[in-house]
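Novice: File work.cif follows (mmCIF, C-alpha atoms):
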data_input
loop_
_atom_site.label_atom_id
_atom_site.label_comp_id
_atom_site.auth_asym_id
_atom_site.auth_seq_id
_atom_site.Cartn_x
_atom_site.Cartn_y
_atom_site.Cartn_z
CA MET A 1 11.67 22.65 -10.38
CA ALA A 2 14.17 19.90 -9.54
CA TYR A 3 16.35 20.38 -6.47
CA ASP A 4 20.12 19.98 -6.88
CA TYR A 5 21.26 17.48 -4.25
CA SER A 6 24.89 17.30 -5.40
CA GLU A 7 26.17 19.35 -2.45
CA LEU A 8 25.07 16.57 -0.08
CA VAL A 9 27.37 13.91 -1.52
CA PRO A 10 30.70 14.51 0.31
CA TYR A 11 28.98 14.98 3.67
CA LEU A 12 26.88 11.83 3.30
CA LEU A 13 29.81 9.64 2.23
CA HIS A 14 32.01 10.91 5.06
CA TRP A 15 29.23 10.35 7.61
CA TYR A 16 28.43 6.87 6.26
CA GLY A 17 32.08 5.83 6.42
CA ARG A 18 32.10 6.60 10.14
CA ASN A 19 28.56 5.61 11.15
CA ALA A 20 27.39 2.70 8.98
CA ARG A 21 26.00 -0.14 11.06
CA ILE A 22 27.85 -3.43 10.76
CA LEU A 23 25.44 -5.80 9.03
CA PRO A 24 26.09 -9.28 7.58
CA TRP A 25 24.94 -8.36 4.07
CA ARG A 26 27.20 -5.29 4.11
CA GLU A 27 30.22 -7.28 5.19
CA GLN A 28 29.79 -9.55 2.15
CA PRO A 29 27.77 -7.58 -0.44
CA LYS A 30 27.30 -10.50 -2.83
CA PRO A 31 24.40 -9.95 -5.25
CA TYR A 32 22.38 -12.82 -3.71
CA TYR A 33 22.99 -11.54 -0.17
CA VAL A 34 21.95 -7.99 -1.09
CA TRP A 35 18.81 -9.32 -2.77
CA VAL A 36 17.75 -11.50 0.16
CA SER A 37 18.42 -8.75 2.71
CA GLU A 38 16.53 -6.09 0.78
CA ILE A 39 13.43 -8.26 0.40
CA MET A 40 13.55 -9.15 4.10
CA LEU A 41 14.02 -5.52 5.14
CA GLN A 42 10.83 -4.37 3.48
CA GLN A 43 8.65 -3.29 6.42
CA THR A 44 10.83 -5.16 8.93
CA ARG A 45 13.39 -3.73 11.38
CA VAL A 46 17.08 -4.35 10.73
CA GLU A 47 17.67 -5.98 14.12
CA ALA A 48 14.84 -8.44 13.52
CA VAL A 49 16.14 -9.35 10.06
CA LYS A 50 19.66 -10.38 11.13
CA GLY A 51 18.59 -13.75 12.53
CA TYR A 52 16.29 -14.49 9.61
CA PHE A 53 19.05 -13.62 7.14
CA ASP A 54 21.59 -15.93 8.77
CA ARG A 55 19.11 -18.81 9.00
CA PHE A 56 17.96 -18.36 5.39
CA LEU A 57 21.50 -18.31 4.02
CA ALA A 58 22.51 -21.34 6.08
CA GLU A 59 19.69 -23.37 4.50
CA LEU A 60 19.66 -21.78 1.03
CA PRO A 61 23.21 -20.53 0.40
CA ASP A 62 22.79 -19.62 -3.26
CA ILE A 63 20.25 -18.97 -5.99
CA ARG A 64 20.16 -22.57 -7.20
CA ALA A 65 19.32 -23.79 -3.69
CA LEU A 66 16.53 -21.20 -3.48
CA ALA A 67 15.16 -22.29 -6.86
CA LEU A 68 15.02 -25.95 -5.78
CA ALA A 69 13.66 -25.47 -2.24
CA GLU A 70 10.37 -27.15 -1.30
CA GLU A 71 7.65 -24.60 -0.61
CA GLU A 72 6.98 -25.71 2.98
CA LYS A 73 10.68 -25.29 3.80
CA LEU A 74 10.74 -21.91 2.10
CA LEU A 75 7.70 -20.67 4.02
CA LYS A 76 9.08 -22.02 7.30
CA LEU A 77 12.30 -20.06 6.79
CA TRP A 78 10.20 -16.95 6.17
CA GLU A 79 7.87 -17.56 9.13
CA GLY A 80 7.42 -14.37 11.15
CA LEU A 81 8.50 -11.96 8.39
CA GLY A 82 5.02 -11.84 6.87
CA TYR A 83 4.15 -10.95 3.28
CA TYR A 84 4.81 -14.53 2.15
CA ASN A 85 4.29 -13.68 -1.51
CA ARG A 86 7.65 -11.93 -1.36
CA VAL A 87 9.52 -15.17 -0.74
CA ARG A 88 7.37 -16.98 -3.30
CA ASN A 89 8.33 -14.31 -5.85
CA MET A 90 11.97 -14.73 -4.84
CA GLN A 91 11.77 -18.40 -5.73
CA LYS A 92 10.09 -17.61 -9.06
CA ALA A 93 12.86 -15.13 -9.77
CA ALA A 94 15.53 -17.65 -8.73
CA LYS A 95 14.15 -20.20 -11.19
CA GLN A 96 14.21 -17.57 -13.93
CA VAL A 97 17.79 -16.60 -13.04
CA VAL A 98 18.86 -20.25 -13.27
CA GLU A 99 17.17 -20.66 -16.66
CA GLU A 100 18.15 -17.34 -18.23
CA PHE A 101 21.32 -16.17 -16.47
CA GLY A 102 23.13 -19.35 -15.44
CA GLY A 103 22.24 -19.04 -11.77
CA GLU A 104 23.79 -15.57 -11.26
CA LEU A 105 21.90 -12.30 -10.93
CA PRO A 106 22.61 -10.12 -13.97
CA ALA A 107 24.74 -7.00 -13.50
CA ASP A 108 22.12 -4.99 -15.38
CA TYR A 109 19.49 -2.72 -13.82
CA GLU A 110 16.87 -3.23 -16.54
CA LYS A 111 17.31 -7.03 -16.59
CA LEU A 112 17.01 -7.16 -12.80
CA LYS A 113 13.65 -5.38 -13.05
CA THR A 114 12.32 -8.16 -15.30
CA LEU A 115 12.52 -10.64 -12.40
CA PRO A 116 9.41 -11.34 -10.27
CA GLY A 117 9.28 -9.24 -7.11
CA ILE A 118 12.14 -6.96 -8.10
CA GLY A 119 11.10 -3.35 -8.71
CA SER A 120 13.19 -0.26 -9.23
CA TYR A 121 14.24 0.00 -5.57
CA THR A 122 15.51 -3.58 -5.18
CA ALA A 123 17.08 -3.52 -8.66
CA GLY A 124 18.88 -0.31 -7.73
CA ALA A 125 20.14 -1.79 -4.47
CA ILE A 126 21.55 -4.91 -6.15
CA ALA A 127 22.98 -2.92 -9.06
CA SER A 128 24.69 -0.25 -6.95
CA ILE A 129 25.74 -2.18 -3.83
CA ALA A 130 26.74 -5.50 -5.40
CA PHE A 131 27.84 -4.39 -8.88
CA GLY A 132 28.88 -0.76 -8.34
CA LEU A 133 26.47 0.59 -10.97
CA ARG A 134 25.17 4.16 -10.80
CA GLU A 135 21.52 3.28 -10.17
CA PRO A 136 19.32 4.81 -7.42
CA THR A 137 17.60 3.12 -4.49
CA VAL A 138 14.67 5.27 -3.46
CA ASP A 139 12.63 3.86 -0.57
CA GLY A 140 10.61 5.56 2.17
CA ASN A 141 13.76 6.54 4.05
CA VAL A 142 15.32 8.21 1.00
CA LEU A 143 12.09 9.97 0.08
CA ARG A 144 11.81 11.37 3.61
CA VAL A 145 15.43 12.55 3.79
CA LEU A 146 15.52 14.26 0.41
CA LYS A 147 12.07 15.81 0.63
CA ARG A 148 13.04 17.32 3.99
CA VAL A 149 16.32 18.61 2.61
CA ALA A 150 14.42 20.33 -0.21
CA ALA A 151 11.47 21.31 2.05
CA SER A 152 9.30 19.75 -0.67
CA ARG A 153 5.63 19.16 0.01
CA ASP A 154 5.15 16.75 -2.88
CA ASP A 155 2.92 13.76 -2.09
CA ILE A 156 5.49 10.95 -1.76
CA THR A 157 2.89 8.25 -2.38
CA LYS A 158 2.65 9.29 -6.04
CA GLU A 159 4.73 7.25 -8.48
CA LYS A 160 5.59 10.40 -10.45
CA VAL A 161 7.25 11.92 -7.39
CA LYS A 162 9.26 8.75 -6.74
CA HIS A 163 10.42 8.53 -10.38
CA GLU A 164 11.49 12.19 -10.37
CA LEU A 165 13.52 11.61 -7.21
CA GLU A 166 15.13 8.51 -8.73
CA ASP A 167 16.30 10.70 -11.61
CA ASP A 168 17.63 13.28 -9.14
CA VAL A 169 19.59 10.64 -7.20
CA ARG A 170 20.96 9.04 -10.37
CA LYS A 171 22.49 12.41 -11.33
CA ILE A 172 24.49 12.69 -8.10
CA LEU A 173 25.68 9.10 -7.71
CA PRO A 174 29.50 9.05 -7.81
CA LYS A 175 31.36 6.66 -10.09
CA GLU A 176 33.44 5.23 -7.26
CA ARG A 177 30.92 4.64 -4.44
CA PRO A 178 27.36 4.62 -5.78
CA GLY A 179 26.27 1.86 -3.40
CA ASP A 180 27.66 3.71 -0.39
CA LEU A 181 25.81 6.89 -1.30
CA ASN A 182 22.54 4.98 -1.69
CA GLN A 183 23.12 3.26 1.63
CA SER A 184 24.06 6.53 3.33
CA LEU A 185 20.66 7.98 2.43
CA MET A 186 18.85 4.86 3.62
CA GLU A 187 20.93 4.75 6.81
CA LEU A 188 20.33 8.43 7.55
CA GLY A 189 16.59 7.93 7.19
CA ALA A 190 16.60 4.85 9.39
CA THR A 191 18.74 6.21 12.25
CA VAL A 192 18.61 10.03 12.20
CA CYS A 193 15.93 11.50 9.92
CA LEU A 194 13.33 9.35 11.61
CA PRO A 195 9.86 8.46 10.30
CA ASN A 196 8.08 8.56 13.67
CA GLY A 197 8.65 11.32 16.16
CA LYS A 198 11.08 14.19 15.92
CA PRO A 199 14.15 13.65 13.71
CA LEU A 200 17.56 13.83 15.38
CA CYS A 201 18.61 16.91 13.43
CA GLU A 202 21.62 17.72 15.63
CA GLN A 203 23.17 14.40 14.56
CA CYS A 204 22.58 14.97 10.84
CA PRO A 205 25.62 15.52 8.61
CA VAL A 206 23.58 17.67 6.20
CA MET A 207 21.60 19.68 8.75
CA HIS A 208 23.20 22.89 7.45
CA LEU A 209 21.85 22.13 3.97
CA CYS A 210 18.36 21.07 5.08
CA LYS A 211 15.70 23.61 4.17
CA ALA A 212 13.04 21.92 6.32
CA PHE A 213 15.29 22.25 9.39
CA HIS A 214 15.97 25.93 8.74
CA GLU A 215 12.30 26.62 8.11
CA GLY A 216 11.23 24.60 11.15
CA CYS A 217 8.87 22.39 9.14
CA GLU A 218 10.66 19.03 9.38
CA MET A 219 7.73 17.47 11.22
CA GLU A 220 5.37 18.42 8.37
CA ILE A 221 7.42 16.62 5.72
CA PRO A 222 7.13 14.20 3.97
CA VAL A 223 3.57 14.74 2.86
CA LYS A 224 1.29 11.72 2.56
CA PRO A 225 -2.51 11.48 2.30
CA PRO A 226 -4.27 10.21 5.43
CA LYS A 227 -4.46 6.44 5.73
CA LYS A 228 -7.76 4.71 5.16
CA GLU A 229 -9.31 3.22 8.27
CA ARG A 230 -8.63 -0.48 8.68
CA ARG A 231 -11.51 -2.88 8.36
CA ILE A 232 -12.25 -4.69 11.63
CA GLU A 233 -12.90 -8.44 11.44
CA GLU A 234 -13.94 -10.52 14.43
CA ARG A 235 -12.77 -14.13 14.51
CA THR A 236 -13.11 -17.10 16.81
CA VAL A 237 -9.96 -19.23 16.69
CA PHE A 238 -9.71 -22.88 17.75
CA VAL A 239 -6.58 -24.59 19.01
CA ILE A 240 -7.79 -28.18 18.57
CA ARG A 241 -5.62 -30.82 20.18
CA PHE A 242 -5.82 -34.61 19.97
CA GLN A 243 -3.17 -36.42 22.01
CA ASP A 244 0.13 -34.86 20.80
CA SER A 245 -1.27 -33.36 17.59
CA ILE A 246 -2.88 -30.07 16.57
CA ALA A 247 -5.46 -29.50 13.84
CA LEU A 248 -4.53 -26.97 11.17
CA HIS A 249 -6.35 -25.70 8.11
CA ARG A 250 -4.74 -24.61 4.84
CA ARG A 251 -5.97 -21.30 3.48
CA ALA A 252 -7.05 -20.81 -0.13
CA PRO A 253 -4.25 -20.39 -2.72
CA LYS A 254 -5.14 -16.75 -3.36
CA GLY A 255 -5.78 -13.79 -1.09
CA LEU A 256 -4.55 -12.89 2.38
CA LEU A 257 -2.00 -15.42 3.77
CA ALA A 258 -2.50 -17.46 0.62
CA GLY A 259 -1.82 -21.18 0.95
CA LEU A 260 -0.59 -21.01 4.55
CA TRP A 261 -1.57 -23.27 7.44
CA GLU A 262 -3.59 -21.65 10.22
CA PHE A 263 -5.51 -22.50 13.36
CA PRO A 264 -9.09 -23.06 12.15
CA ASN A 265 -11.32 -20.05 12.75
CA VAL A 266 -14.85 -18.84 12.11
CA LYS A 267 -16.46 -15.44 11.70
CA GLY A 268 -17.62 -13.55 14.76
CA HIS A 269 -17.01 -14.04 18.48
CA LEU A 270 -18.67 -17.25 19.63
CA THR A 271 -19.81 -17.67 23.22
CA PRO A 272 -18.78 -20.73 25.28
CA GLU A 273 -22.31 -22.05 24.86
CA GLU A 274 -22.07 -21.80 21.06
CA VAL A 275 -18.68 -23.53 21.09
CA LYS A 276 -20.08 -26.38 23.20
CA LEU A 277 -22.66 -26.96 20.47
CA LEU A 278 -19.87 -27.17 17.87
CA PHE A 279 -17.78 -29.56 19.99
CA PRO A 280 -20.29 -31.50 22.10
CA GLY A 281 -18.76 -33.52 24.90
CA GLN A 282 -15.22 -32.22 24.29
CA GLN A 283 -13.02 -30.45 26.83
CA MET A 284 -13.02 -26.69 26.25
CA GLU A 285 -10.84 -23.85 27.60
CA LEU A 286 -11.37 -20.15 26.93
CA LEU A 287 -8.11 -18.46 25.85
CA PRO A 288 -7.15 -14.77 26.08
CA ASP A 289 -8.29 -12.44 23.31
CA ALA A 290 -5.69 -11.23 20.80
CA LYS A 291 -5.50 -8.98 17.77
CA HIS A 292 -3.35 -8.76 14.68
CA ILE A 293 -3.01 -5.76 12.40
CA PHE A 294 -2.46 -6.12 8.67
CA SER A 295 -2.04 -3.09 6.42
CA HIS A 296 -5.74 -2.93 5.54
CA VAL A 297 -7.52 -5.10 8.09
CA GLU A 298 -7.42 -5.80 11.82
CA TRP A 299 -8.31 -9.19 13.23
CA ARG A 300 -9.83 -9.19 16.72
CA MET A 301 -9.66 -12.75 17.92
CA HIS A 302 -11.57 -14.67 20.56
CA ALA A 303 -10.14 -18.16 21.09
CA TYR A 304 -10.75 -21.58 22.62
CA LYS A 305 -8.59 -24.61 23.19
CA ILE A 306 -10.42 -27.83 22.43
CA ALA A 307 -9.08 -31.15 23.71
CA LEU A 308 -10.66 -33.96 21.74
CA ALA A 309 -11.49 -37.16 23.56
CA ASN A 310 -9.24 -40.18 23.11
CA THR A 311 -12.18 -42.09 21.61
CA LEU A 312 -11.17 -40.49 18.29
CA SER A 313 -8.59 -43.17 17.77
CA SER A 314 -8.60 -43.78 14.04
CA GLU A 315 -6.62 -41.78 11.50
CA LYS A 316 -9.86 -41.11 9.63
CA ASP A 317 -11.41 -39.57 12.74
CA ARG A 318 -8.35 -37.44 13.40
CA ASN A 319 -8.05 -36.12 9.83
CA ASN A 320 -11.71 -35.42 9.22
CA LEU A 321 -13.34 -33.15 11.77
CA GLU A 322 -16.42 -32.31 9.74
CA ASN A 323 -18.62 -33.58 12.56
CA PHE A 324 -17.13 -30.97 14.87
CA LEU A 325 -16.32 -28.01 12.63
CA PRO A 326 -18.00 -28.16 9.20
CA SER A 327 -15.85 -26.63 6.45
CA GLU A 328 -18.58 -24.17 5.48
CA ARG A 329 -18.20 -22.54 8.90
CA LEU A 330 -14.53 -21.73 8.31
CA VAL A 331 -13.65 -18.16 7.31
CA ASP A 332 -11.45 -19.34 4.44
CA ASN A 333 -12.45 -22.74 3.08
CA GLY A 334 -9.18 -23.35 1.24
CA GLU A 335 -8.59 -26.63 -0.53
CA ASN A 336 -8.03 -28.99 2.41
CA SER A 337 -10.08 -30.25 5.32
CA LEU A 338 -8.55 -29.91 8.76
CA THR A 339 -5.36 -31.90 9.15
CA PHE A 340 -3.46 -32.93 12.28
CA PHE A 341 0.26 -32.32 12.72
CA THR A 342 2.37 -33.05 15.76
CA VAL A 343 3.58 -30.04 17.74
CA GLU A 344 7.14 -30.94 16.72
CA GLN A 345 6.17 -30.97 13.03
CA ILE A 346 4.62 -27.53 13.35
CA SER A 347 7.68 -26.25 15.20
CA LYS A 348 10.17 -27.54 12.63
CA GLU A 349 8.33 -27.87 9.31
CA ILE A 350 5.01 -26.01 9.12
CA SER A 351 4.77 -22.23 8.81
CA VAL A 352 1.94 -20.74 10.86
CA PRO A 353 1.48 -16.99 10.22
CA SER A 354 2.44 -14.54 12.98
CA ALA A 355 -1.21 -13.45 13.03
CA PHE A 356 -1.74 -16.50 15.27
CA GLU A 357 1.43 -16.07 17.34
CA ALA A 358 -0.55 -15.39 20.54
CA TYR A 359 -1.98 -18.92 20.40
CA ARG A 360 1.06 -21.00 19.49
CA LYS A 361 1.97 -21.57 23.14
CA TYR A 362 -1.38 -23.24 23.73
CA MET A 363 -0.51 -26.12 21.40
CA GLU A 364 1.23 -27.87 24.29
CA ALA A 365 -0.82 -30.17 26.52
#
When written as structure tokens, how does the structure in this file appear?
Specialist:
Amino acid sequence: MAYDYSELVPYLLHWYGRNARILPWREQPKPYYVWVSEIMLQQTRVEAVKGYFDRFLAELPDIRALALAEEEKLLKLWEGLGYYNRVRNMQKAAKQVVEEFGGELPADYEKLKTLPGIGSYTAGAIASIAFGLREPTVDGNVLRVLKRVAASRDDITKEKVKHELEDDVRKILPKERPGDLNQSLMELGATVCLPNGKPLCEQCPVMHLCKAFHEGCEMEIPVKPPKKERRIEERTVFVIRFQDSIALHRRAPKGLLAGLWEFPNVKGHLTPEEVKLLFPGQQMELLPDAKHIFSHVEWRMHAYKIALANTLSSEKDRNNLENFLPSERLVDNGENSLTFFTVEQISKEISVPSAFEAYRKYMEA
């Protein structure tokens, strides 16, 4: 049986008017700005996104600029946000918008959903916030808030549950401020009805209407199946330096971190003795261990800094390290052999995934 959420509306709008955080994409809710911010905010904290948003808009101020951007520049602007396919899909969508809609996002929920990387949530955000259309934006925050209000123990990972809640929200969206109501639910979930730890119920504008609060079961909702255990992968990472340059390897065009540049790495944790056999006669330094957690896999990294001797003077020697680290040893062969870039090039032009962030500082001499 569907829950009637209509009683929440005046309380949420009043609360949002007084408590909404000041954010750059809210100050100027242009369709492009809303789109960029919503893609960036997926699985990233608001405070972290602000700087990325400003930098991205300074370089790519509109959809046409996004459509024409070179991929390396695009990936560099996204560096640190992760999930690089999201920005690649944004560019695909931008090209489609230029071709089909004259460079402007369409003020139509169904047409927005035809664009790469734009599902019902992002389409609803653009439609309601930028165009004032009565379309829902149901993300994890909204699911949590409304399932607690209704004391519903539905499994929120099921698409059927999400679609039903989208229908429920669509029914209560006001004609005048649909975007504000959507944002009030998202804001409440982000700042009060928290995902981790106890929610701040005493600060909630709809506490008196919340069945989970009155029944004392707010910590049991929302209901999700237990997460699968992450797969553990051991890697040995090499920060290979020659004079003022660092060797990088481009990953394969499909799969995890597709097409990105990385520090070369091999399977397993190699001992110093094994590394000496790979790089005979070269200066070696053991670096601290590090780990990086993806949604489904955890990398546990052992690392070495290798300083190649100055006898490797020719460009051919510097750009072909097969004698030191044969390509078949690399975890992800990709399409390119190891290639050297200056530290400045990597800093300004080349996107290295945050999985290797612990080792970036060792690029310097």
Novice: Enter the distance from CA of Lys50 in chain A to CA of Pro353 in chain A, in Å, rounded to one decimal.
Specialist: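 Spanning CA of Lys50 in chain A to CA of Pro353 in chain A is a straight-line distance of 19.4 Å.
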Novice: Using all atoms listed in the file, what table do you get, as JSON lines, when you list each residue of range 45-74 of chain A with an atom no more than 12 Å from range 102-125 of chain A, its nearest pair of atoms, and their distance in Å rounded to one decimal, rows by chain then rising number?
Specialist:
{"residue": "A:Asp62", "atom": "CA", "partner": "A:Gly103", "partner_atom": "CA", "distance": 8.5}
{"residue": "A:Ile63", "atom": "CA", "partner": "A:Gly103", "partner_atom": "CA", "distance": 6.1}
{"residue": "A:Arg64", "atom": "CA", "partner": "A:Gly103", "partner_atom": "CA", "distance": 6.1}
{"residue": "A:Ala65", "atom": "CA", "partner": "A:Gly103", "partner_atom": "CA", "distance": 9.8}
{"residue": "A:Leu66", "atom": "CA", "partner": "A:Gly103", "partner_atom": "CA", "distance": 10.3}
{"residue": "A:Ala67", "atom": "CA", "partner": "A:Gly103", "partner_atom": "CA", "distance": 9.2}
{"residue": "A:Leu68", "atom": "CA", "partner": "A:Gly103", "partner_atom": "CA", "distance": 11.7}
Novice: Please provide as number ranges by chain all residues within 7 Å of Ala130 in chain A, with the sequence filter that same-chain residues fewer than 2 positions apart are discarded (counting all atoms listed in the file).
Specialist: A: 29-31, 34, 126-128, 132
Novice: As a PyMOL selection string, please: the residues near range 277-293 of chain A (cut-off 12 Å, all atoms listed in the file, same-chain neighbours under 3 positions excluded).
Specialist: chain A and resi 82+229-242+266+269-274+296-312+321-326+329+353-363+365
Novice: Taking all listed atoms of range 52-57 of chain A, build the axis-aligned box, pad each of the six sides by 5 Å, then write its centre and edge lengths in Å to one decimal as JSON.
Specialist:
{"center_x": 18.9, "center_y": -16.2, "center_z": 6.8, "size_x": 15.3, "size_y": 15.2, "size_z": 15.6}
Novice: Could you list as a ChimeraX atom specification every residue that has an atom within 8 Å of (-2.2, -32.7, 27.7), using the file's coordinates and counting all atoms listed in the file?
Specialist: /A:243-244,364-365
Novice: Assuming the chain letters and numbering stay as they are in my file, what does the PyMOL selection byres ((chain A and resi 155) around 8) actually select? List them as a list of chain:residue names.
Specialist: A:Arg153, A:Asp154, A:Ile156, A:Thr157, A:Lys158, A:Val161, A:Pro222, A:Val223, A:Lys224, A:Pro225
Novice: For the file shown, report as a PyMOL selection string the outcome of the PyMOL selection byres ((chain A and resi 137-146) around 8) at residue level.
Specialist: chain A and resi 120-125+135-136+147-150+156+162+165-166+182+185-190+193+195+221-222
Novice: With a distance cut-off of 9 Å and all atoms listed in the file, select the neighbouring residues of Asn85 in chain A, excluding the residue or stretch itself and same-chain residues fewer than 4 positions from it, and output the selection as a ChimeraX atom specification.
Specialist: /A:89-90,117,257-258
Novice: Can you spell out as a compact mmCIF listing (two decimals) with C-alpha atoms, in the frame of the given file the set of residues that the PyMOL selection byres ((chain A and resi 197-204) around 8) selects in the structure I just provided?
Specialist:
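Saved the output as out_26.txt:
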# COMPACT_ATOMS: atom_id res chain seq x y z
CA LEU A 188 20.33 8.43 7.55
CA VAL A 192 18.61 10.03 12.20
CA CYS A 193 15.93 11.50 9.92
CA LEU A 194 13.33 9.35 11.61
CA PRO A 195 9.86 8.46 10.30
CA ASN A 196 8.08 8.56 13.67
CA PRO A 205 25.62 15.52 8.61
CA VAL A 206 23.58 17.67 6.20
CA MET A 207 21.60 19.68 8.75
CA PHE A 213 15.29 22.25 9.39
CA GLU A 218 10.66 19.03 9.38
CA MET A 219 7.73 17.47 11.22
Novice: Pro10 in chain A: which residues within 12 Å, counting all atoms listed in the file, same-chain residues fewer than 5 positions away excluded, as a list in words?
Specialist: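 Residues near the query, excluding close chain neighbours: Tyr5, Trp15, Tyr16, Gly17, Ile172, Leu173, Pro174, Arg177, Asp180, Leu181, Ser184, Pro205 and Val206 of chain A.
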Novice: As an exercise, work out the distance from CA of Gly51 in chain A to CA of Arg251 in chain A in Å and give it to one decimal place.
Specialist: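 Between CA of Gly51 in chain A and CA of Arg251 in chain A the gap works out to 27.2 Å.
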Novice: Ranking A:Glu262, A:Asp54, A:Asp167, A:Glu159 by minimum distance to Val36 in chain A and counting all atoms listed in the file, which one comes first?
Specialist: A:Asp54
Novice: Put range 258-273 of chain A into a file with N, CA, C and O atoms, as a PDB file, in the first residue's frame.
Specialist:
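selection.pdb written:
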ATOM      1  N   ALA A 258      39.474   2.327 -17.259  1.00  0.00           N
ATOM      2  CA  ALA A 258      39.707   2.136 -18.694  1.00  0.00           C
ATOM      3  C   ALA A 258      40.404   3.322 -19.341  1.00  0.00           C
ATOM      4  O   ALA A 258      39.989   4.470 -19.190  1.00  0.00           O
ATOM      5  N   GLY A 259      41.506   3.025 -20.039  1.00  0.00           N
ATOM      6  CA  GLY A 259      42.200   4.021 -20.839  1.00  0.00           C
ATOM      7  C   GLY A 259      42.995   5.050 -20.070  1.00  0.00           C
ATOM      8  O   GLY A 259      43.538   5.989 -20.669  1.00  0.00           O
ATOM      9  N   LEU A 260      43.124   4.894 -18.763  1.00  0.00           N
ATOM     10  CA  LEU A 260      43.845   5.887 -17.962  1.00  0.00           C
ATOM     11  C   LEU A 260      45.314   5.518 -17.823  1.00  0.00           C
ATOM     12  O   LEU A 260      45.711   4.363 -17.951  1.00  0.00           O
ATOM     13  N   TRP A 261      46.126   6.539 -17.549  1.00  0.00           N
ATOM     14  CA  TRP A 261      47.560   6.325 -17.311  1.00  0.00           C
ATOM     15  C   TRP A 261      47.771   5.947 -15.842  1.00  0.00           C
ATOM     16  O   TRP A 261      47.139   6.507 -14.952  1.00  0.00           O
ATOM     17  N   GLU A 262      48.682   5.013 -15.606  1.00  0.00           N
ATOM     18  CA  GLU A 262      48.952   4.549 -14.249  1.00  0.00           C
ATOM     19  C   GLU A 262      50.448   4.311 -14.069  1.00  0.00           C
ATOM     20  O   GLU A 262      51.197   4.192 -15.045  1.00  0.00           O
ATOM     21  N   PHE A 263      50.869   4.227 -12.806  1.00  0.00           N
ATOM     22  CA  PHE A 263      52.209   3.732 -12.539  1.00  0.00           C
ATOM     23  C   PHE A 263      52.204   2.245 -12.887  1.00  0.00           C
ATOM     24  O   PHE A 263      51.280   1.519 -12.513  1.00  0.00           O
ATOM     25  N   PRO A 264      53.208   1.757 -13.625  1.00  0.00           N
ATOM     26  CA  PRO A 264      53.215   0.343 -13.995  1.00  0.00           C
ATOM     27  C   PRO A 264      53.199  -0.541 -12.758  1.00  0.00           C
ATOM     28  O   PRO A 264      53.789  -0.203 -11.725  1.00  0.00           O
ATOM     29  N   ASN A 265      52.498  -1.662 -12.843  1.00  0.00           N
ATOM     30  CA  ASN A 265      52.384  -2.545 -11.685  1.00  0.00           C
ATOM     31  C   ASN A 265      52.208  -3.983 -12.132  1.00  0.00           C
ATOM     32  O   ASN A 265      51.733  -4.258 -13.237  1.00  0.00           O
ATOM     33  N   VAL A 266      52.593  -4.891 -11.254  1.00  0.00           N
ATOM     34  CA  VAL A 266      52.510  -6.326 -11.544  1.00  0.00           C
ATOM     35  C   VAL A 266      51.748  -7.014 -10.427  1.00  0.00           C
ATOM     36  O   VAL A 266      51.567  -6.464  -9.333  1.00  0.00           O
ATOM     37  N   LYS A 267      51.295  -8.232 -10.702  1.00  0.00           N
ATOM     38  CA  LYS A 267      50.545  -8.986  -9.711  1.00  0.00           C
ATOM     39  C   LYS A 267      51.448  -9.445  -8.580  1.00  0.00           C
ATOM     40  O   LYS A 267      52.617  -9.776  -8.781  1.00  0.00           O
ATOM     41  N   GLY A 268      50.879  -9.477  -7.373  1.00  0.00           N
ATOM     42  CA  GLY A 268      51.595  -9.993  -6.220  1.00  0.00           C
ATOM     43  C   GLY A 268      52.507  -8.973  -5.567  1.00  0.00           C
ATOM     44  O   GLY A 268      52.714  -7.870  -6.090  1.00  0.00           O
ATOM     45  N   HIS A 269      53.048  -9.319  -4.427  1.00  0.00           N
ATOM     46  CA  HIS A 269      53.997  -8.473  -3.707  1.00  0.00           C
ATOM     47  C   HIS A 269      55.402  -9.016  -3.943  1.00  0.00           C
ATOM     48  O   HIS A 269      55.756 -10.088  -3.453  1.00  0.00           O
ATOM     49  N   LEU A 270      56.186  -8.287  -4.721  1.00  0.00           N
ATOM     50  CA  LEU A 270      57.549  -8.731  -5.032  1.00  0.00           C
ATOM     51  C   LEU A 270      58.508  -8.318  -3.925  1.00  0.00           C
ATOM     52  O   LEU A 270      58.414  -7.221  -3.380  1.00  0.00           O
ATOM     53  N   THR A 271      59.456  -9.174  -3.633  1.00  0.00           N
ATOM     54  CA  THR A 271      60.496  -8.868  -2.654  1.00  0.00           C
ATOM     55  C   THR A 271      61.558  -7.977  -3.291  1.00  0.00           C
ATOM     56  O   THR A 271      61.655  -7.910  -4.532  1.00  0.00           O
ATOM     57  N   PRO A 272      62.374  -7.290  -2.479  1.00  0.00           N
ATOM     58  CA  PRO A 272      63.473  -6.494  -3.050  1.00  0.00           C
ATOM     59  C   PRO A 272      64.384  -7.322  -3.955  1.00  0.00           C
ATOM     60  O   PRO A 272      64.860  -6.827  -4.976  1.00  0.00           O
ATOM     61  N   GLU A 273      64.604  -8.569  -3.596  1.00  0.00           N
ATOM     62  CA  GLU A 273      65.470  -9.420  -4.409  1.00  0.00           C
ATOM     63  C   GLU A 273      64.854  -9.657  -5.789  1.00  0.00           C
ATOM     64  O   GLU A 273      65.551  -9.654  -6.813  1.00  0.00           O
TER      65      GLU A 273
END
